[in-house]
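Asks: Next up is a structure, given as structure tokens.
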Protein chains: 2
Amino acid sequence: MPRSTSALTIAGSDSGGGAGIQADLKTFAAHGVHGLSAITALTAQHTRGVTAVHVPPVAFLRAQIDACLEDFDIGAVKLGMLASVEVIHAVADALQAWRPPHVVLDPVMVATSGARLLEADALDALRTRLLPMATVLTPNTPEAELLLGRPIADGAAADEAVVALRALGASAVLLKGGHLDEGDTVTDRYADATTTARWQQPRMDVDGHGTGCTLASAIAANLCLGMTAEAACGAAIGYVHVALAHGHAPGRSAVRVLDHFGARRT
Amino acid sequence: MPRSTSALTIAGSDSGGGAGIQADLKTFAAHGVHGLSAITALTAQHTRGVTAVHVPPVAFLRAQIDACLEDFDIGAVKLGMLASVEVIHAVADALQAWRPPHVVLDPVMVATSGARLLEADALDALRTRLLPMATVLTPNTPEAELLLGRPIADGAAADEAVVALRALGASAVLLKGGHLDEGDTVTDRYADATTTARWQQPRMDVDGHGTGCTLASAIAANLCLGMTAEAACGAAIGYVHVALAHGHAPGRSAVRVLDHFGARRT
């Protein structure tokens, strides 16, 4: 691992290992990038749900971020689950102070189950403070609907939405299509200031856990490795597809975790 | 990753990614074993030291352990930094309730710097409650001195100490020799009920961070994979050596973190 740049994830901890900083750190390692983590919230969870949550003091979150940014050469920061408006402001303050080269913002607001994970005032803080700092914003369609304040019902609406999302301030947007019914394929849509792109993958009929975290952290790792935002997104989508295909269900439910090193063994 | 067994680490979080659950989870993944984590304490730290610590409530630690053990098939549990006597009792209670097949106990008590990490009453609790549950106990020599209550000054004393440590209740003991001056090599000594063994490696002149965590979690992963305790220890020692040789210094100090996937790239 000869690279001098490290990647930092600011996100929640998933005791079950499938998502959160656990997925992020495996993803960084699989890309040959040293990973750092600042934990916003601890969850006790397994493949059937979250059983308990503990949120450390915001000042301690800031201490974790500062410890990482004052000592390591950070190539990119990935933002995942930010539990409250206070956490969002603390993270925004830290990023304004340290100005890392790249920020990948996974606006975790709606769980796969449909449960809303972020309070309404936090949505405003995320939009006004974090979106303008983001190199890449990676919403799923329910999150994009919350950010835009309107429904995204089909592919044509998603084509418009990714451009509209870009106008909210992020340098680039990757709108994930997994929640949208477009037949046998999933289409992810990309837009930056000068170009748009789309990637299609065959839809996998599996209940995957940690795909969103893994995608955003793979983009961050690819940015550390010097890729453009568009290339980082395209490579990350392919990486997640392979990792999910190689995954397995380690718990009592059918929920599948990714094999973050699956691509290395094929 | 087709194996059905997972490994659980109960340890601290190192924001700098070199040690703690971060090192453990990378080690599990490098062995093809799905990793789970119950976080005993959060640290804000980098390659020059720990800047802040936050300890979640003991009841929340128990919730993390229970969430893992009630849903996943756990092949082995690795115990690292247990911050207080209350934490040790909570972990012991949980392990008595769930009875995982294997426990690897890294009795984290003395940092590489020489700082004592565990209070005196916690030492008693660790000795009386956790040692008897351990498949493998992995002290360094300062920790072995605390457990035995006498100094270990040379190789002959270490030969006696590993047998004496075994008599304290663990099924097997791996006494790490890195702190002992035995010339150009480091000798790790092993004892179980029927056999003793030793492994020698050339001493590396580097300031490694996370070697103890990585060794214990590699032993746990190897136990998940069906190895005997002796084989698990021997393989883990070789793994750590390669990972340290492939490591790099990602921060502003000379402290080196391991490349947990280094062996795959050689």
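Ordered as shown in the structure tokens, chains take letters A, B, and onward, while each chain numbers its residues from 1 and ligands are numbered from 1 in the order shown.
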Please determine the contact residues of chain B with respect to chain A at a cut-off of 6 Å, counting only C-alpha atoms, and supply them as a list in words.
Replies: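 Going by the stated atoms only, the list reads Ser4, Ser15, Gly16, Gly17, Gly35, Leu36, Ser37, Ala38, Ala44, Gln45, His46, Ala63, Gln64, Ala67, Asp71, Phe72, Pro250, Gly251 and Arg252 of chain B.
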Asks: Taking the DSSP assignment computed from this structure's backbone, write out as a ChimeraX atom specification all residues of stretch 104-230 of chain B that belong to alpha helix (DSSP H).
Replies: /B:120-125,141-148,155-166,211-224,229-230
Asks: In Å, with one decimal, what is the gap from atom CA of B:Leu148 to atom CA of B:Val58?
Replies: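 Value for the atom CA of B:Leu148-atom CA of B:Val58 distance: 28.3 Å.
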Asks: Tell me which protein, DNA and RNA residues are within 9 Å of B:Leu168, counting only C-alpha atoms, leaving out same-chain ones fewer than 2 positions away, and put them as number ranges by chain.
Replies: B: 127-128, 131-132, 147-148, 164-166, 170
Asks: When you look at A:Arg129 with a cut-off of 9 Å (counting only C-alpha atoms), what residues show up, excluding the ones that are within fewer than 3 positions of it in the same chain? I need them as a list in words.
Replies: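 With the cut-off at 9 Å, the set is Ile88, His89, Ala92, Asp93, Asp124, Ala125, Leu126, Pro132 and Met133 of chain A.
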Asks: Could you pull the residues within 12 Å of B:Thr185, counting only C-alpha atoms, minus those fewer than 3 positions along the same chain, as number ranges by chain?
Replies: B: 155, 177-182, 188, 198-205
Asks: Can those selected residues be exported to a file as an mmCIF file, in the first residue's frame so that it contains C-alpha atoms?
Replies:
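result_2.cif, written as the output of this step:
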```
data_model
loop_
_atom_site.group_PDB
_atom_site.id
_atom_site.type_symbol
_atom_site.label_atom_id
_atom_site.label_comp_id
_atom_site.auth_asym_id
_atom_site.auth_seq_id
_atom_site.Cartn_x
_atom_site.Cartn_y
_atom_site.Cartn_z
ATOM 1 C CA GLY B 155 14.312 -16.056 27.137
ATOM 2 C CA GLY B 177 8.338 -11.716 22.478
ATOM 3 C CA GLY B 178 8.587 -8.315 20.815
ATOM 4 C CA HIS B 179 9.324 -6.475 24.072
ATOM 5 C CA LEU B 180 12.090 -8.909 25.048
ATOM 6 C CA ASP B 181 15.666 -8.304 23.899
ATOM 7 C CA GLU B 182 16.841 -11.611 22.433
ATOM 8 C CA ASP B 188 6.898 -15.927 20.239
ATOM 9 C CA ARG B 198 7.998 -21.293 19.476
ATOM 10 C CA TRP B 199 8.249 -19.200 16.359
ATOM 11 C CA GLN B 200 11.138 -16.901 15.491
ATOM 12 C CA GLN B 201 11.061 -13.954 13.094
ATOM 13 C CA PRO B 202 13.798 -11.489 12.214
ATOM 14 C CA ARG B 203 13.241 -8.298 14.238
ATOM 15 C CA MET B 204 11.984 -5.434 12.066
ATOM 16 C CA ASP B 205 13.338 -2.016 12.951
#
```
Asks: In Å, with one decimal, what is the gap from atom CA of B:Ala216 to atom CA of A:Gly12?
Replies: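 Between these atoms lies a distance of 25.0 Å.
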Asks: What is the atom CA of B:Gly183-atom CA of B:Asn140 distance in Å, reported with one decimal?
Replies: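 Computed distance, atom CA of B:Gly183 to atom CA of B:Asn140, equals 17.0 Å.
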Asks: Can you tell me, as a count of residues only, what residues are no more than 10 Å from A:Thr138 when counting only C-alpha atoms, ignoring any on the same chain fewer than 3 positions away?
Replies: 24
Asks: May I have all residues of stretch 14-202 of chain A that DSSP, computed from the backbone, assigns to strand (DSSP E or B), given as a VMD selection string?
Replies: chain A and resid 14 34 to 46 49 to 54 73 to 79 103 to 105 110 116 136 to 137 140 172 to 176 185 to 192 196 to 202
